[in-house]
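Just protein-v8.csv here, CSV, C-alpha atoms:
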```csv
chain,number,residue,atom,x,y,z
K,56,MET,CA,-13.1,-21.3,-36.5
K,57,ARG,CA,-13.0,-23.5,-33.5
K,58,TYR,CA,-9.3,-22.9,-33.1
K,59,ILE,CA,-9.7,-19.2,-33.3
K,60,ALA,CA,-12.4,-19.4,-30.6
K,61,PHE,CA,-10.0,-21.5,-28.5
K,62,ALA,CA,-7.2,-19.0,-29.0
K,63,PHE,CA,-9.5,-16.2,-27.8
K,64,LEU,CA,-10.3,-18.3,-24.7
K,65,LEU,CA,-6.6,-18.5,-24.0
K,66,LEU,CA,-6.4,-14.7,-24.1
K,67,LEU,CA,-9.0,-14.4,-21.3
K,68,PRO,CA,-7.4,-13.5,-18.0
K,69,VAL,CA,-7.3,-16.4,-15.7
K,70,THR,CA,-9.5,-15.5,-12.7
K,71,ALA,CA,-7.6,-16.7,-9.7
K,72,LEU,CA,-9.8,-18.5,-7.2
K,73,ALA,CA,-8.1,-17.7,-3.9
K,74,VAL,CA,-11.3,-17.8,-2.0
K,75,GLU,CA,-11.5,-21.2,-0.4
K,76,PRO,CA,-14.7,-23.1,0.1
K,77,ASP,CA,-14.4,-23.1,3.9
K,78,GLU,CA,-14.3,-19.3,3.9
K,79,MET,CA,-17.5,-18.8,2.0
K,80,LEU,CA,-20.8,-17.8,3.6
K,81,GLN,CA,-23.9,-19.9,3.3
K,82,ASP,CA,-26.0,-16.9,2.4
K,83,PRO,CA,-25.4,-16.2,-1.3
K,84,VAL,CA,-26.3,-12.5,-1.0
K,85,LEU,CA,-23.9,-11.9,1.8
K,86,GLU,CA,-21.2,-13.9,0.0
K,87,GLN,CA,-21.7,-11.8,-3.1
K,88,ARG,CA,-21.3,-8.7,-1.0
K,89,ALA,CA,-18.2,-10.1,0.6
K,90,ARG,CA,-16.7,-10.8,-2.8
K,91,GLU,CA,-17.4,-7.3,-4.0
K,92,ILE,CA,-15.9,-5.8,-0.8
K,93,SER,CA,-12.8,-8.1,-1.2
K,94,ARG,CA,-12.2,-6.7,-4.7
K,95,GLU,CA,-12.0,-3.2,-3.2
K,96,LEU,CA,-9.3,-4.1,-0.7
K,97,ARG,CA,-5.7,-4.4,-1.5
K,98,CYS,CA,-3.6,-7.2,-0.1
K,99,VAL,CA,-0.8,-5.7,2.0
K,100,VAL,CA,1.7,-8.5,1.2
K,101,CYS,CA,1.4,-8.8,-2.6
K,102,GLN,CA,0.6,-5.3,-3.3
K,103,ASN,CA,-1.0,-5.3,-6.7
K,104,GLN,CA,-3.6,-7.8,-5.9
K,105,ASP,CA,-6.9,-7.4,-4.2
K,106,ILE,CA,-7.6,-9.7,-1.2
K,107,ASP,CA,-10.2,-11.5,-3.3
K,108,SER,CA,-7.5,-13.0,-5.6
K,109,SER,CA,-4.6,-13.2,-3.2
K,110,ASN,CA,-3.4,-16.4,-1.6
K,111,ALA,CA,-1.4,-14.6,1.1
K,112,GLY,CA,-2.2,-15.5,4.7
K,113,VAL,CA,-3.1,-12.0,5.8
K,114,ALA,CA,-5.4,-11.7,2.7
K,115,ARG,CA,-7.2,-14.8,3.8
K,116,ASP,CA,-7.6,-13.5,7.4
K,117,LEU,CA,-9.0,-10.2,6.0
K,118,ARG,CA,-11.5,-12.1,3.8
K,119,ILE,CA,-12.7,-14.0,6.8
K,120,LEU,CA,-12.9,-10.8,8.8
K,121,VAL,CA,-14.9,-9.1,6.0
K,122,ARG,CA,-17.4,-12.0,6.2
K,123,GLU,CA,-17.5,-11.8,10.0
K,124,ARG,CA,-18.3,-8.2,9.9
K,125,LEU,CA,-21.1,-8.8,7.3
K,126,VAL,CA,-22.6,-11.5,9.4
K,127,ALA,CA,-22.5,-9.1,12.4
K,128,GLY,CA,-24.7,-6.8,10.3
K,129,ASP,CA,-22.2,-4.2,9.1
K,130,SER,CA,-22.9,-2.3,5.9
K,131,ASP,CA,-20.4,-2.5,3.0
K,132,LYS,CA,-19.1,0.9,3.9
K,133,GLU,CA,-18.7,0.0,7.6
K,134,VAL,CA,-16.7,-3.1,6.7
K,135,ILE,CA,-14.3,-1.2,4.4
K,136,ALA,CA,-14.0,1.6,7.1
K,137,TYR,CA,-13.1,-1.1,9.7
K,138,ILE,CA,-10.2,-2.3,7.7
K,139,HIS,CA,-9.3,1.1,6.5
K,140,ALA,CA,-8.9,2.2,10.1
K,141,ARG,CA,-6.3,-0.5,10.7
K,142,TYR,CA,-4.4,-0.5,7.4
K,143,GLY,CA,-4.8,3.1,6.1
K,144,ASP,CA,-5.4,4.4,2.6
K,145,TYR,CA,-3.0,1.9,1.2
K,146,VAL,CA,-5.5,-0.9,1.6
K,147,LEU,CA,-8.1,0.7,-0.7
K,148,MET,CA,-7.9,-0.2,-4.3
K,149,ARG,CA,-9.4,3.1,-5.2
K,150,PRO,CA,-7.4,5.9,-3.5
K,151,PRO,CA,-9.6,8.4,-1.7
K,152,LEU,CA,-9.3,12.1,-2.4
K,153,ASN,CA,-7.4,13.8,0.4
K,154,ARG,CA,-4.3,16.0,0.9
K,155,ALA,CA,-1.8,13.2,0.2
K,156,THR,CA,-3.6,12.1,-3.0
K,157,LEU,CA,-4.5,15.5,-4.3
K,158,ALA,CA,-1.7,15.5,-6.9
K,159,LEU,CA,-2.7,12.0,-8.0
K,160,TRP,CA,-6.3,13.1,-8.7
K,161,MET,CA,-5.6,16.6,-10.1
K,162,VAL,CA,-2.6,15.9,-12.4
K,163,PRO,CA,-4.8,14.4,-15.3
K,164,PHE,CA,-7.0,17.5,-15.3
K,165,VAL,CA,-4.1,19.8,-15.2
K,166,PHE,CA,-2.4,18.0,-18.1
K,167,ALA,CA,-5.6,18.0,-20.1
K,168,LEU,CA,-6.0,21.7,-19.5
K,169,VAL,CA,-2.4,22.5,-20.5
K,170,SER,CA,-2.6,20.3,-23.6
K,171,LEU,CA,-5.8,22.0,-24.6
K,172,LEU,CA,-4.2,25.4,-24.1
K,173,VAL,CA,-1.2,24.5,-26.2
K,174,GLY,CA,-3.3,23.0,-28.9
K,175,TRP,CA,-5.5,26.0,-29.0
K,176,THR,CA,-2.6,28.4,-29.3
K,177,VAL,CA,-0.9,26.4,-32.1
K,178,ILE,CA,-4.1,26.1,-34.1
K,179,SER,CA,-5.1,29.8,-33.7
K,180,ARG,CA,-1.6,30.8,-34.7
K,181,SER,CA,-1.6,28.8,-37.9
K,182,ARG,CA,-5.0,30.2,-38.7
K,183,ARG,CA,-3.8,33.8,-38.3
K,184,ARG,CA,-0.8,33.0,-40.5
K,185,ALA,CA,-3.1,31.6,-43.2
K,186,ALA,CA,-5.2,34.7,-43.0
K,187,ALA,CA,-2.1,36.9,-43.3
K,188,THR,CA,-0.7,35.1,-46.4
K,189,GLY,CA,-4.2,35.0,-48.1
K,190,PHE,CA,-5.1,36.7,-51.3
K,191,SER,CA,-6.5,40.2,-51.6
K,192,ASP,CA,-10.0,40.7,-53.1
K,193,ASP,CA,-8.6,41.7,-56.5
K,194,GLU,CA,-6.4,38.6,-56.6
K,195,LYS,CA,-9.4,36.4,-55.6
K,196,ALA,CA,-11.5,37.9,-58.4
K,197,GLU,CA,-8.6,37.3,-60.9
K,198,ILE,CA,-8.3,33.6,-59.8
K,199,ALA,CA,-12.1,33.2,-60.2
K,200,ARG,CA,-12.0,34.6,-63.7
K,201,PHE,CA,-9.0,32.4,-64.6
K,202,ILE,CA,-10.8,29.3,-63.4
K,203,GLU,CA,-14.0,30.2,-65.2
K,204,GLU,CA,-12.2,30.8,-68.5
K,205,ASN,CA,-10.4,27.5,-68.4
K,206,ALA,CA,-13.5,25.7,-67.3
K,207,SER,CA,-15.5,27.0,-70.3
K,208,LYS,CA,-12.6,26.0,-72.6
K,209,ASP,CA,-12.6,22.4,-71.3
K,210,GLY,CA,-16.4,22.2,-71.7
K,211,SER,CA,-16.3,23.2,-75.4
V,112,MET,CA,4.2,33.4,-27.9
V,113,GLY,CA,6.3,31.3,-30.3
V,114,ARG,CA,9.2,31.6,-27.9
V,115,ILE,CA,7.2,30.3,-25.0
V,116,LEU,CA,5.9,27.4,-27.1
V,117,ALA,CA,9.4,26.4,-28.0
V,118,PHE,CA,10.2,25.9,-24.4
V,119,ILE,CA,7.4,23.4,-23.8
V,120,PRO,CA,9.3,20.3,-24.9
V,121,LEU,CA,12.1,21.3,-22.5
V,122,ALA,CA,9.6,21.9,-19.7
V,123,ILE,CA,8.1,18.4,-20.3
V,124,ALA,CA,11.5,16.8,-20.4
V,125,ALA,CA,12.4,18.6,-17.1
V,126,ILE,CA,9.2,17.4,-15.4
V,127,PHE,CA,9.7,13.8,-16.5
V,128,GLY,CA,13.4,14.0,-15.7
V,129,GLY,CA,12.7,15.2,-12.2
V,130,PHE,CA,10.2,12.4,-11.7
V,131,PHE,CA,12.7,9.8,-12.9
V,132,LEU,CA,15.4,11.3,-10.7
V,133,TRP,CA,13.0,11.0,-7.7
V,134,GLY,CA,12.4,7.4,-8.7
V,135,LEU,CA,16.1,6.6,-8.8
V,136,ASN,CA,16.6,7.4,-5.2
V,137,PRO,CA,17.8,4.1,-3.7
V,138,ASP,CA,16.4,5.0,-0.2
V,139,ARG,CA,12.9,5.2,-1.6
V,140,ASP,CA,11.1,1.9,-1.0
V,141,PRO,CA,7.8,1.7,-3.0
V,142,ASN,CA,6.8,-1.3,-1.0
V,143,ASN,CA,6.9,0.6,2.2
V,144,ILE,CA,3.4,0.9,3.5
V,145,PRO,CA,2.9,3.9,5.9
V,146,SER,CA,1.4,2.7,9.1
V,147,VAL,CA,-1.7,4.4,10.4
V,148,LEU,CA,-0.7,3.4,13.9
V,149,ILE,CA,2.2,5.8,14.3
V,150,SER,CA,1.3,8.5,17.0
V,151,GLN,CA,-1.9,6.6,17.6
V,152,PRO,CA,-2.9,4.7,20.8
V,153,ALA,CA,-2.0,1.0,20.5
V,154,PRO,CA,-4.9,-1.2,19.6
V,155,GLU,CA,-7.1,-2.8,22.2
V,156,PHE,CA,-6.2,-6.5,22.7
V,157,ASP,CA,-5.9,-9.1,25.3
V,158,LEU,CA,-3.9,-12.3,24.5
V,159,ALA,CA,-3.5,-15.3,26.7
V,160,ALA,CA,-0.1,-16.8,27.4
V,161,VAL,CA,1.4,-19.4,25.0
V,162,ASP,CA,0.1,-22.7,26.2
V,163,GLY,CA,2.9,-24.5,28.1
V,164,LEU,CA,5.0,-21.5,28.6
V,165,GLU,CA,5.6,-19.8,31.9
V,166,THR,CA,5.8,-16.3,30.4
V,167,PRO,CA,2.5,-14.4,31.1
V,168,GLY,CA,0.2,-13.3,28.3
V,169,LEU,CA,0.0,-9.8,26.9
V,170,SER,CA,-2.7,-7.2,26.8
V,171,ARG,CA,-2.9,-3.5,26.0
V,172,ALA,CA,-2.9,-2.7,29.7
V,173,ASP,CA,0.7,-4.1,29.9
V,174,LEU,CA,1.9,-1.6,27.4
V,175,VAL,CA,0.8,1.4,29.5
V,176,GLY,CA,2.6,2.8,32.4
V,177,ASN,CA,6.0,1.4,31.9
V,178,PRO,CA,9.0,3.5,33.0
V,179,ARG,CA,10.4,3.6,29.5
V,180,PRO,CA,9.0,2.9,26.0
V,181,VAL,CA,8.8,-0.8,25.3
V,182,ILE,CA,9.4,-3.0,22.3
V,183,VAL,CA,6.6,-5.1,21.0
V,184,ASN,CA,7.9,-7.8,18.6
V,185,VAL,CA,5.6,-10.0,16.5
V,186,PHE,CA,7.2,-13.3,15.9
V,187,ALA,CA,6.6,-17.0,15.0
V,188,SER,CA,8.7,-20.1,15.2
V,189,TRP,CA,7.9,-20.8,11.5
V,190,CYS,CA,9.3,-17.5,10.5
V,191,VAL,CA,12.9,-17.9,9.4
V,192,PRO,CA,14.0,-14.2,9.6
V,193,CYS,CA,12.6,-14.2,13.2
V,194,ARG,CA,15.4,-16.6,14.1
V,195,ALA,CA,18.0,-14.2,12.9
V,196,GLU,CA,16.3,-11.3,14.6
V,197,HIS,CA,16.1,-13.1,17.9
V,198,GLY,CA,19.7,-12.6,18.8
V,199,VAL,CA,19.5,-8.8,18.1
V,200,LEU,CA,16.4,-8.5,20.4
V,201,THR,CA,18.0,-10.6,23.1
V,202,GLN,CA,21.0,-8.3,23.1
V,203,MET,CA,18.8,-5.2,23.4
V,204,VAL,CA,17.2,-6.8,26.5
V,205,GLU,CA,20.4,-8.1,28.1
V,206,LYS,CA,22.8,-5.2,27.3
V,207,ASP,CA,20.5,-2.2,27.0
V,208,GLY,CA,18.0,-3.3,29.6
V,209,LEU,CA,15.0,-2.7,27.4
V,210,THR,CA,11.7,-4.3,27.9
V,211,LEU,CA,10.6,-6.7,25.2
V,212,PHE,CA,7.0,-7.9,24.8
V,213,GLY,CA,6.1,-10.6,22.2
V,214,ILE,CA,3.1,-11.4,20.1
V,215,ASN,CA,3.4,-15.0,19.0
V,216,TYR,CA,1.7,-14.9,15.6
V,217,LYS,CA,-0.3,-17.9,14.3
V,218,ASP,CA,2.1,-20.4,15.9
V,219,LYS,CA,1.5,-23.7,17.5
V,220,PRO,CA,2.2,-23.4,21.2
V,221,GLU,CA,4.4,-26.5,21.3
V,222,ASP,CA,6.5,-25.1,18.4
V,223,ALA,CA,6.8,-21.7,20.1
V,224,THR,CA,7.8,-23.3,23.4
V,225,LYS,CA,10.5,-25.4,21.7
V,226,TRP,CA,11.8,-22.5,19.7
V,227,LEU,CA,12.2,-20.3,22.8
V,228,ALA,CA,13.7,-23.2,24.7
V,229,GLU,CA,16.3,-23.6,22.0
V,230,LEU,CA,17.1,-19.9,21.4
V,231,GLY,CA,16.4,-18.4,24.8
V,232,ASN,CA,13.4,-16.3,25.9
V,233,PRO,CA,14.1,-12.6,26.2
V,234,TYR,CA,10.4,-11.7,26.3
V,235,GLU,CA,8.9,-10.4,29.5
V,236,ARG,CA,5.4,-11.2,28.3
V,237,ILE,CA,4.2,-13.2,25.3
V,238,GLY,CA,0.6,-13.1,24.0
V,239,SER,CA,-0.5,-16.0,21.8
V,240,ASP,CA,-2.3,-14.8,18.7
V,241,LEU,CA,-3.5,-18.0,17.2
V,242,SER,CA,-6.1,-16.6,14.8
V,243,GLY,CA,-4.0,-13.7,13.7
V,244,ARG,CA,-6.8,-11.3,14.6
V,245,VAL,CA,-4.7,-9.2,16.9
V,246,GLY,CA,-2.1,-9.0,14.1
V,247,ILE,CA,-4.8,-7.3,12.0
V,248,GLU,CA,-5.5,-4.9,14.8
V,249,TRP,CA,-1.9,-3.9,14.6
V,250,GLY,CA,-2.0,-3.5,10.9
V,251,LEU,CA,0.4,-6.4,10.4
V,252,SER,CA,1.5,-7.3,6.9
V,253,GLY,CA,3.8,-10.2,7.9
V,254,VAL,CA,6.2,-11.4,10.5
V,255,PRO,CA,8.4,-10.2,11.9
V,256,GLU,CA,7.3,-6.7,12.7
V,257,THR,CA,8.5,-4.7,15.6
V,258,PHE,CA,6.9,-1.7,17.3
V,259,ILE,CA,8.0,0.8,19.9
V,260,VAL,CA,5.3,1.8,22.3
V,261,GLY,CA,5.5,4.8,24.6
V,262,SER,CA,4.6,4.7,28.3
V,263,ASP,CA,1.2,6.3,27.6
V,264,GLY,CA,0.4,3.4,25.2
V,265,THR,CA,1.1,5.4,22.0
V,266,VAL,CA,2.7,3.6,19.1
V,267,LEU,CA,5.9,5.5,18.3
V,268,PHE,CA,7.6,3.4,15.7
V,269,ARG,CA,7.1,0.4,13.5
V,270,TYR,CA,9.7,-1.7,11.8
V,271,VAL,CA,8.6,-4.1,9.0
V,272,GLY,CA,10.8,-7.1,8.6
V,273,PRO,CA,13.6,-8.4,10.7
V,274,VAL,CA,15.9,-6.0,12.6
V,275,VAL,CA,19.0,-7.7,11.3
V,276,GLY,CA,22.1,-6.1,9.8
V,277,GLU,CA,23.8,-2.8,10.4
V,278,THR,CA,21.3,-0.5,8.6
V,279,ALA,CA,18.3,-2.0,10.2
V,280,ILE,CA,19.8,-2.1,13.7
V,281,SER,CA,21.0,1.5,13.5
V,282,THR,CA,17.6,2.6,12.2
V,283,PHE,CA,15.9,0.8,15.1
V,284,ARG,CA,18.3,2.1,17.7
V,285,GLU,CA,17.8,5.6,16.4
V,286,ALA,CA,14.1,5.2,16.8
V,287,LEU,CA,14.6,3.9,20.4
V,288,ILE,CA,16.7,7.0,21.1
V,289,GLN,CA,14.0,9.2,19.6
V,290,ALA,CA,11.4,7.4,21.7
V,291,GLY,CA,13.5,8.0,24.9
V,292,ALA,CA,14.0,4.3,25.5
V,293,LEU,CA,17.8,4.6,25.0
V,294,ALA,CA,20.3,7.3,25.8
V,295,ARG,CA,22.4,8.5,22.9
V,296,GLY,CA,25.9,7.1,22.9
V,297,GLN,CA,24.8,4.0,24.8
V,298,ASN,CA,26.3,1.2,22.9
V,299,GLY,CA,24.9,-2.3,22.7
```
Translate this file's structure into structure tokens.
Amino acid sequence: MRYIAFAFLLLLPVTALAVEPDEMLQDPVLEQRAREISRELRCVVCQNQDIDSSNAGVARDLRILVRERLVAGDSDKEVIAYIHARYGDYVLMRPPLNRATLALWMVPFVFALVSLLVGWTVISRSRRRAAATGFSDDEKAEIARFIEENASKDGS
Amino acid sequence: MGRILAFIPLAIAAIFGGFFLWGLNPDRDPNNIPSVLISQPAPEFDLAAVDGLETPGLSRADLVGNPRPVIVNVFASWCVPCRAEHGVLTQMVEKDGLTLFGINYKDKPEDATKWLAELGNPYERIGSDLSGRVGIEWGLSGVPETFIVGSDGTVLFRYVGPVVGETAISTFREALIQAGALARGQNG
């Protein structure tokens, strides 16, 4: 049991601690906000990491900048806007909805719609076919009679 | 209806195939980050000269009002590709008569001075960006990066990485021609 628990521990993603102690703010509330903002910002050097977990020099500078803006009294949105103005959409981990990203945002819905349409057509077609090859009322009555007769024979 | 349904797999294959074909294009660089600075005014900054160097410092005001577009190169002595790029930039200054400004990024002044003494100093002005804060203003992702700035202070072009090798140099020269800093057919 203990081994299994240990094995599961190994499966946990290793949370990289890139934030160095000298960067951190004294105020735990501000520091928490800084951490959350850092997770929303992409590192421009190592492009699939947020700046919170990146060891790149620029990421460190941006983390310090985020904290400076917070200390200066910026709101979370203002801090992100400040960095967005300098690095563009690319720096945001969540792409904003605009002309360039319209396809990115809309394609899932289009695909869902198309697959629903295809599914609906296939199902309704197979229903119609089932209805067409179904039995007439006379035949249904005959089947019912047949079943009833055999059932009564089994019962005796 | 059945006929149309029969074409769906083909349509899906065509869409995916098209996507893969687009992805195969060797000229497409997924790491290329579009700069927000292009066609925008250059950021506001004012950098002091590198300590111990005679070359004056660099501020935004120096980028405006030049007779021709200027090159702004972000470099550091600790950056190995910068060393390779240095010769190319020097040639552009000496042979093509272009104006080259430098931003010395997060570099120790004594290292930068030594580096320039060894390789030569083609820069008309060099600002010392010790904290890297001006680098962030320029949307820098690393060194070297080279910008072309128009006479009105508008950023016209950005090149990420060293301008070294035939492809990079011809790309950069083409950008200089487009910017009006070089005449076409002028060979360096």
Contact set, chain V to chain K: 7 Å, all atoms listed in the file, as a list in words:
Ile144, Ser146, Val147, Glu248, Trp249, Gly250 and Ser252 of chain V
Give me, as a short mmCIF file (atom, residue, chain, number, x, y, z; two decimals) with C-alpha atoms, keeping the file's coordinate frame, all polymer residues having an atom no more than 8 Å from Gly291 of chain V, counting all atoms listed in the file and skipping those fewer than 4 positions away in the same chain.
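So the final result, stored in part_0.cif, reads:
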```
data_model
loop_
_atom_site.label_atom_id
_atom_site.label_comp_id
_atom_site.auth_asym_id
_atom_site.auth_seq_id
_atom_site.Cartn_x
_atom_site.Cartn_y
_atom_site.Cartn_z
CA ARG V 179 10.40 3.60 29.50
CA PRO V 180 9.00 2.90 26.00
CA LEU V 287 14.60 3.90 20.40
#
```
Report the distance between atom CA of Ala290 of chain V and atom CA of Val181 of chain V in Å, rounded to one decimal place.
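The value is 9.3 Å.
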Would you list the contacts of Arg118 of chain K as a list of chain:residue names, taking every protein, DNA or RNA residue within 9 Å and counting all atoms listed in the file, but skipping same-chain residues closer than 2 positions in sequence?
K:Val74, K:Glu78, K:Ala89, K:Arg90, K:Ile92, K:Ser93, K:Ile106, K:Asp107, K:Val113, K:Ala114, K:Arg115, K:Asp116, K:Leu120, K:Val121, K:Arg122, K:Glu123
Check the smallest atom-to-atom distance from each of V:Ala279, V:Leu227, V:Val185, V:Val271 to Leu164 of chain V using all atoms listed in the file, then report the winner.
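For Leu164 of chain V, the nearest of the given residues is V:Leu227.
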Between atom CA of Asn215 of chain V and atom CA of Asp240 of chain V, what is the distance, to one decimal in Å?
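Straight-line distance from atom CA of Asn215 of chain V to atom CA of Asp240 of chain V works out to 5.7 Å.
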What is the atom CA of Ser239 of chain V-atom CA of Val161 of chain V distance in Å, reported with one decimal?
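We find that atom CA of Ser239 of chain V and atom CA of Val161 of chain V lie 5.0 Å from each other.
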Let me make sure I understand: among K:Met161, K:Met148, K:Arg184, K:Glu95, which one has the smallest atom-to-atom distance to Val134 of chain K if we use all atoms listed in the file?
K:Glu95
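Distances from V:Met203, V:Leu135, V:Ile115, V:Leu211 to Leu169 of chain V were compared using only C-alpha atoms, and the smallest one belongs to V:Leu211.
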Name the closest residue to Val84 of chain K among the candidates K:Ile178, K:Ile135, K:Val126, K:Ala158; distances are taken between atoms, counting all atoms listed in the file.
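Ranking K:Ile178, K:Ile135, K:Val126, K:Ala158 by distance to Val84 of chain K, first place goes to K:Val126.
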If you count all atoms listed in the file, the residue of K:Ala155, K:Ser179, K:Lys195, K:Arg149 closest to Asn103 of chain K turns out to be K:Arg149
Once you count all atoms listed in the file, which residues end up no further than 9 Å from (4.6, 4.2, 21.0) in the file's frame, shown as a PDB file with C-alpha atoms, in the coordinates of the input?
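result.pdb was written with the following content:
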```pdb
ATOM      1  CA  LEU V 148      -0.700   3.400  13.900  1.00  0.00           C
ATOM      2  CA  ILE V 149       2.200   5.800  14.300  1.00  0.00           C
ATOM      3  CA  SER V 150       1.300   8.500  17.000  1.00  0.00           C
ATOM      4  CA  GLN V 151      -1.900   6.600  17.600  1.00  0.00           C
ATOM      5  CA  PRO V 152      -2.900   4.700  20.800  1.00  0.00           C
ATOM      6  CA  ALA V 153      -2.000   1.000  20.500  1.00  0.00           C
ATOM      7  CA  PRO V 180       9.000   2.900  26.000  1.00  0.00           C
ATOM      8  CA  VAL V 181       8.800  -0.800  25.300  1.00  0.00           C
ATOM      9  CA  ILE V 182       9.400  -3.000  22.300  1.00  0.00           C
ATOM     10  CA  PHE V 258       6.900  -1.700  17.300  1.00  0.00           C
ATOM     11  CA  ILE V 259       8.000   0.800  19.900  1.00  0.00           C
ATOM     12  CA  VAL V 260       5.300   1.800  22.300  1.00  0.00           C
ATOM     13  CA  GLY V 261       5.500   4.800  24.600  1.00  0.00           C
ATOM     14  CA  SER V 262       4.600   4.700  28.300  1.00  0.00           C
ATOM     15  CA  ASP V 263       1.200   6.300  27.600  1.00  0.00           C
ATOM     16  CA  GLY V 264       0.400   3.400  25.200  1.00  0.00           C
ATOM     17  CA  THR V 265       1.100   5.400  22.000  1.00  0.00           C
ATOM     18  CA  VAL V 266       2.700   3.600  19.100  1.00  0.00           C
ATOM     19  CA  LEU V 267       5.900   5.500  18.300  1.00  0.00           C
ATOM     20  CA  PHE V 268       7.600   3.400  15.700  1.00  0.00           C
ATOM     21  CA  ARG V 269       7.100   0.400  13.500  1.00  0.00           C
ATOM     22  CA  ALA V 290      11.400   7.400  21.700  1.00  0.00           C
TER      23      ALA V 290
END
```
Smallest atom-to-atom distance to Thr282 of chain V: which of V:Tyr234, V:Phe156, V:Tyr270, V:Phe127, using only C-alpha atoms?
V:Tyr270
Please write a file for segment 106-127 of chain K, taken from the block I just shared, that holds C-alpha atoms and is laid out as a PDB file, in the first residue's frame.
```pdb
ATOM      1  CA  ILE K 106       6.943  32.978 -16.559  1.00  0.00           C
ATOM      2  CA  ASP K 107       6.132  31.599 -13.116  1.00  0.00           C
ATOM      3  CA  SER K 108       7.923  28.338 -13.862  1.00  0.00           C
ATOM      4  CA  SER K 109      10.566  29.521 -16.285  1.00  0.00           C
ATOM      5  CA  ASN K 110      14.209  29.995 -15.435  1.00  0.00           C
ATOM      6  CA  ALA K 111      14.929  32.205 -18.430  1.00  0.00           C
ATOM      7  CA  GLY K 112      16.441  35.613 -17.749  1.00  0.00           C
ATOM      8  CA  VAL K 113      13.655  37.523 -19.443  1.00  0.00           C
ATOM      9  CA  ALA K 114      11.060  35.552 -17.456  1.00  0.00           C
ATOM     10  CA  ARG K 115      12.789  36.572 -14.247  1.00  0.00           C
ATOM     11  CA  ASP K 116      12.810  40.218 -15.353  1.00  0.00           C
ATOM     12  CA  LEU K 117       9.121  40.010 -16.172  1.00  0.00           C
ATOM     13  CA  ARG K 118       8.339  38.457 -12.777  1.00  0.00           C
ATOM     14  CA  ILE K 119      10.156  41.304 -11.079  1.00  0.00           C
ATOM     15  CA  LEU K 120       8.340  43.791 -13.291  1.00  0.00           C
ATOM     16  CA  VAL K 121       4.963  42.235 -12.400  1.00  0.00           C
ATOM     17  CA  ARG K 122       5.785  42.659  -8.715  1.00  0.00           C
ATOM     18  CA  GLU K 123       6.929  46.239  -9.211  1.00  0.00           C
ATOM     19  CA  ARG K 124       3.699  47.129 -10.953  1.00  0.00           C
ATOM     20  CA  LEU K 125       1.701  45.519  -8.144  1.00  0.00           C
ATOM     21  CA  VAL K 126       3.597  47.434  -5.499  1.00  0.00           C
ATOM     22  CA  ALA K 127       2.957  50.610  -7.524  1.00  0.00           C
TER      23      ALA K 127
END
```
